[in-house]
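Q: Got a structure here, written out as structure tokens. Questions coming.
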Amino acid sequence: VILMDRIRCLVHIVLLLLLIPTSCLYAAFAYCKEACASKGTSKEEAKTSGKKEVITVLVTGAKMSKSLHLARCLKRADPERVKIVLIEIEKYWLSGSRFSNVVDFFETVSNPRTDPEAYHRDLMALAVKHDVDVFVPVSAPVSS
């Protein structure tokens, strides 16, 4: 059993190392795309317009402290521009994270284990409702 765990760990490390070039290419592509898109507006125009682009982040797993920690880190990066939407299944609707100052919206969704299609519909509805830009799935230890 220990040997299988070590082999699995080694396979994961090798796969991660093999995917480094892909990650670098993706980062370079995203940077170039952003640079090309921002050519139309200068920094002076952005300053004088007074409008800041709001980035809405949807974070799952509200019952876990790691989700709240992630939300705090994201909000600390730029409190005026980052809007946090924290979600959890109905069973944990009274999660303490919902009362945090960094959480702008707290929503409940269907349980993905019992009804995956309803969970997907709920996520899509929340993405539209809050105009979500970034989705951050935080898995529970049981799901991993």
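Labels for the structure tokens follow display order: chains A, B, ..., residues from 1 in each chain, ligands from 1.
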If we count only C-alpha atoms and set the cut-off at 8 Å, which residues sit around A:Thr108, ignoring sequence neighbours fewer than 4 positions away in its own chain? Please answer as a short mmCIF file (atom, residue, chain, number, x, y, z; two decimals) with N, CA, C and O atoms, in the first residue's frame.

A:
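Output saved as selection18.cif:
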```
data_model
loop_
_atom_site.label_atom_id
_atom_site.label_comp_id
_atom_site.auth_asym_id
_atom_site.auth_seq_id
_atom_site.Cartn_x
_atom_site.Cartn_y
_atom_site.Cartn_z
N ILE A 87 -20.25 30.45 -2.22
CA ILE A 87 -21.40 29.55 -2.33
C ILE A 87 -21.18 28.28 -1.54
O ILE A 87 -20.04 27.87 -1.29
N GLU A 88 -22.29 27.68 -1.15
CA GLU A 88 -22.27 26.41 -0.41
C GLU A 88 -23.59 25.71 -0.66
O GLU A 88 -24.57 26.34 -1.08
N ILE A 89 -23.64 24.41 -0.38
CA ILE A 89 -24.89 23.67 -0.56
C ILE A 89 -25.86 24.05 0.56
O ILE A 89 -25.45 24.59 1.59
N GLU A 90 -27.14 23.74 0.33
CA GLU A 90 -28.18 24.15 1.28
C GLU A 90 -27.95 23.61 2.69
O GLU A 90 -28.31 24.25 3.67
N TRP A 93 -26.12 26.14 4.95
CA TRP A 93 -26.55 27.50 4.66
C TRP A 93 -26.16 28.49 5.75
O TRP A 93 -26.06 29.68 5.51
#
```

Q: In Å, rounded to a single decimal, give me how far atom CA of A:His130 is from atom CA of A:Val85.

A: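 That distance, rounded to one decimal, is 7.9 Å.
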
Q: Can you tell me how far atom CA of A:Val59 sits from atom CA of A:Ser100, in Å to one decimal?

A: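 Spanning atom CA of A:Val59 to atom CA of A:Ser100 is a straight-line distance of 13.6 Å.
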
Q: Under the rule that only C-alpha atoms are counted, which of A:Leu70, A:Ala127, A:Ala140, A:Leu58 is the nearest residue to A:Asp104?

A: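 Smallest separation from A:Asp104 among the options: A:Leu58.
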
Q: So how far away is atom CA of A:Leu25 from atom CA of A:Val54, in Å?

A: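 It comes out at 26.6 Å.
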
Q: What's around A:Ile84 at 8 Å? Count only C-alpha atoms, leave out sequence neighbours fewer than 4 positions away in its own chain, and write the answer as a PyMOL selection string.

A: chain A and resi 56-59+71+75+102-105

Q: Dump N, CA and C atoms for the selected residues as a PDB file, in the first residue's frame?

A:
```
ATOM      1  N   THR A  56     -15.496  40.026 -10.370  1.00  0.00           N
ATOM      2  CA  THR A  56     -16.337  39.211  -9.502  1.00  0.00           C
ATOM      3  C   THR A  56     -15.792  37.788  -9.475  1.00  0.00           C
ATOM      4  N   VAL A  57     -15.547  37.284  -8.261  1.00  0.00           N
ATOM      5  CA  VAL A  57     -14.977  35.954  -8.081  1.00  0.00           C
ATOM      6  C   VAL A  57     -15.990  35.078  -7.360  1.00  0.00           C
ATOM      7  N   LEU A  58     -16.297  33.927  -7.948  1.00  0.00           N
ATOM      8  CA  LEU A  58     -17.204  32.958  -7.344  1.00  0.00           C
ATOM      9  C   LEU A  58     -16.362  31.858  -6.702  1.00  0.00           C
ATOM     10  N   VAL A  59     -16.472  31.711  -5.383  1.00  0.00           N
ATOM     11  CA  VAL A  59     -15.680  30.729  -4.633  1.00  0.00           C
ATOM     12  C   VAL A  59     -16.627  29.708  -4.027  1.00  0.00           C
ATOM     13  N   ALA A  71     -10.815  33.833  -0.012  1.00  0.00           N
ATOM     14  CA  ALA A  71     -11.617  35.045  -0.232  1.00  0.00           C
ATOM     15  C   ALA A  71     -10.936  36.258   0.387  1.00  0.00           C
ATOM     16  N   LYS A  75      -9.649  39.509  -1.722  1.00  0.00           N
ATOM     17  CA  LYS A  75     -10.180  40.830  -1.381  1.00  0.00           C
ATOM     18  C   LYS A  75      -9.058  41.780  -0.972  1.00  0.00           C
ATOM     19  N   VAL A 102     -15.414  40.290   4.099  1.00  0.00           N
ATOM     20  CA  VAL A 102     -14.879  40.217   2.746  1.00  0.00           C
ATOM     21  C   VAL A 102     -15.867  39.598   1.761  1.00  0.00           C
ATOM     22  N   VAL A 103     -16.895  38.925   2.257  1.00  0.00           N
ATOM     23  CA  VAL A 103     -17.869  38.263   1.395  1.00  0.00           C
ATOM     24  C   VAL A 103     -18.960  39.265   1.026  1.00  0.00           C
ATOM     25  N   ASP A 104     -19.079  39.529  -0.265  1.00  0.00           N
ATOM     26  CA  ASP A 104     -20.090  40.472  -0.731  1.00  0.00           C
ATOM     27  C   ASP A 104     -21.458  39.808  -0.884  1.00  0.00           C
ATOM     28  N   PHE A 105     -21.456  38.558  -1.350  1.00  0.00           N
ATOM     29  CA  PHE A 105     -22.704  37.813  -1.519  1.00  0.00           C
ATOM     30  C   PHE A 105     -22.479  36.369  -1.095  1.00  0.00           C
TER      31      PHE A 105
END
```

Q: Given the choices A:Glu80, A:Leu126, A:Arg72, A:His120, which gets closest to A:Asn101 if the distance is worked out from only C-alpha atoms?

A: A:Arg72

Q: Given the choices A:Glu107, A:Phe99, A:Arg81, A:Met124, which gets closest to A:Ile55 if the distance is worked out from only C-alpha atoms?

A: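 Ranked by minimum distance to A:Ile55, first place goes to A:Arg81.
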
Q: According to DSSP computed on the backbone, where in chain A is there helix (DSSP H, G or I)? Give the residues as a ChimeraX atom specification.

A: /A:2-18,20-40,43-49,65-77,90-92,96-99,116-129

Q: Go through A:Ala118, A:Ile20, A:Ala62, A:Val109 one by one, measure the shortest atom-to-atom distance of each to A:Ser139 using only C-alpha atoms, and give the residue with the smallest value.

A: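 For A:Ser139, the nearest of the given residues is A:Ala62.
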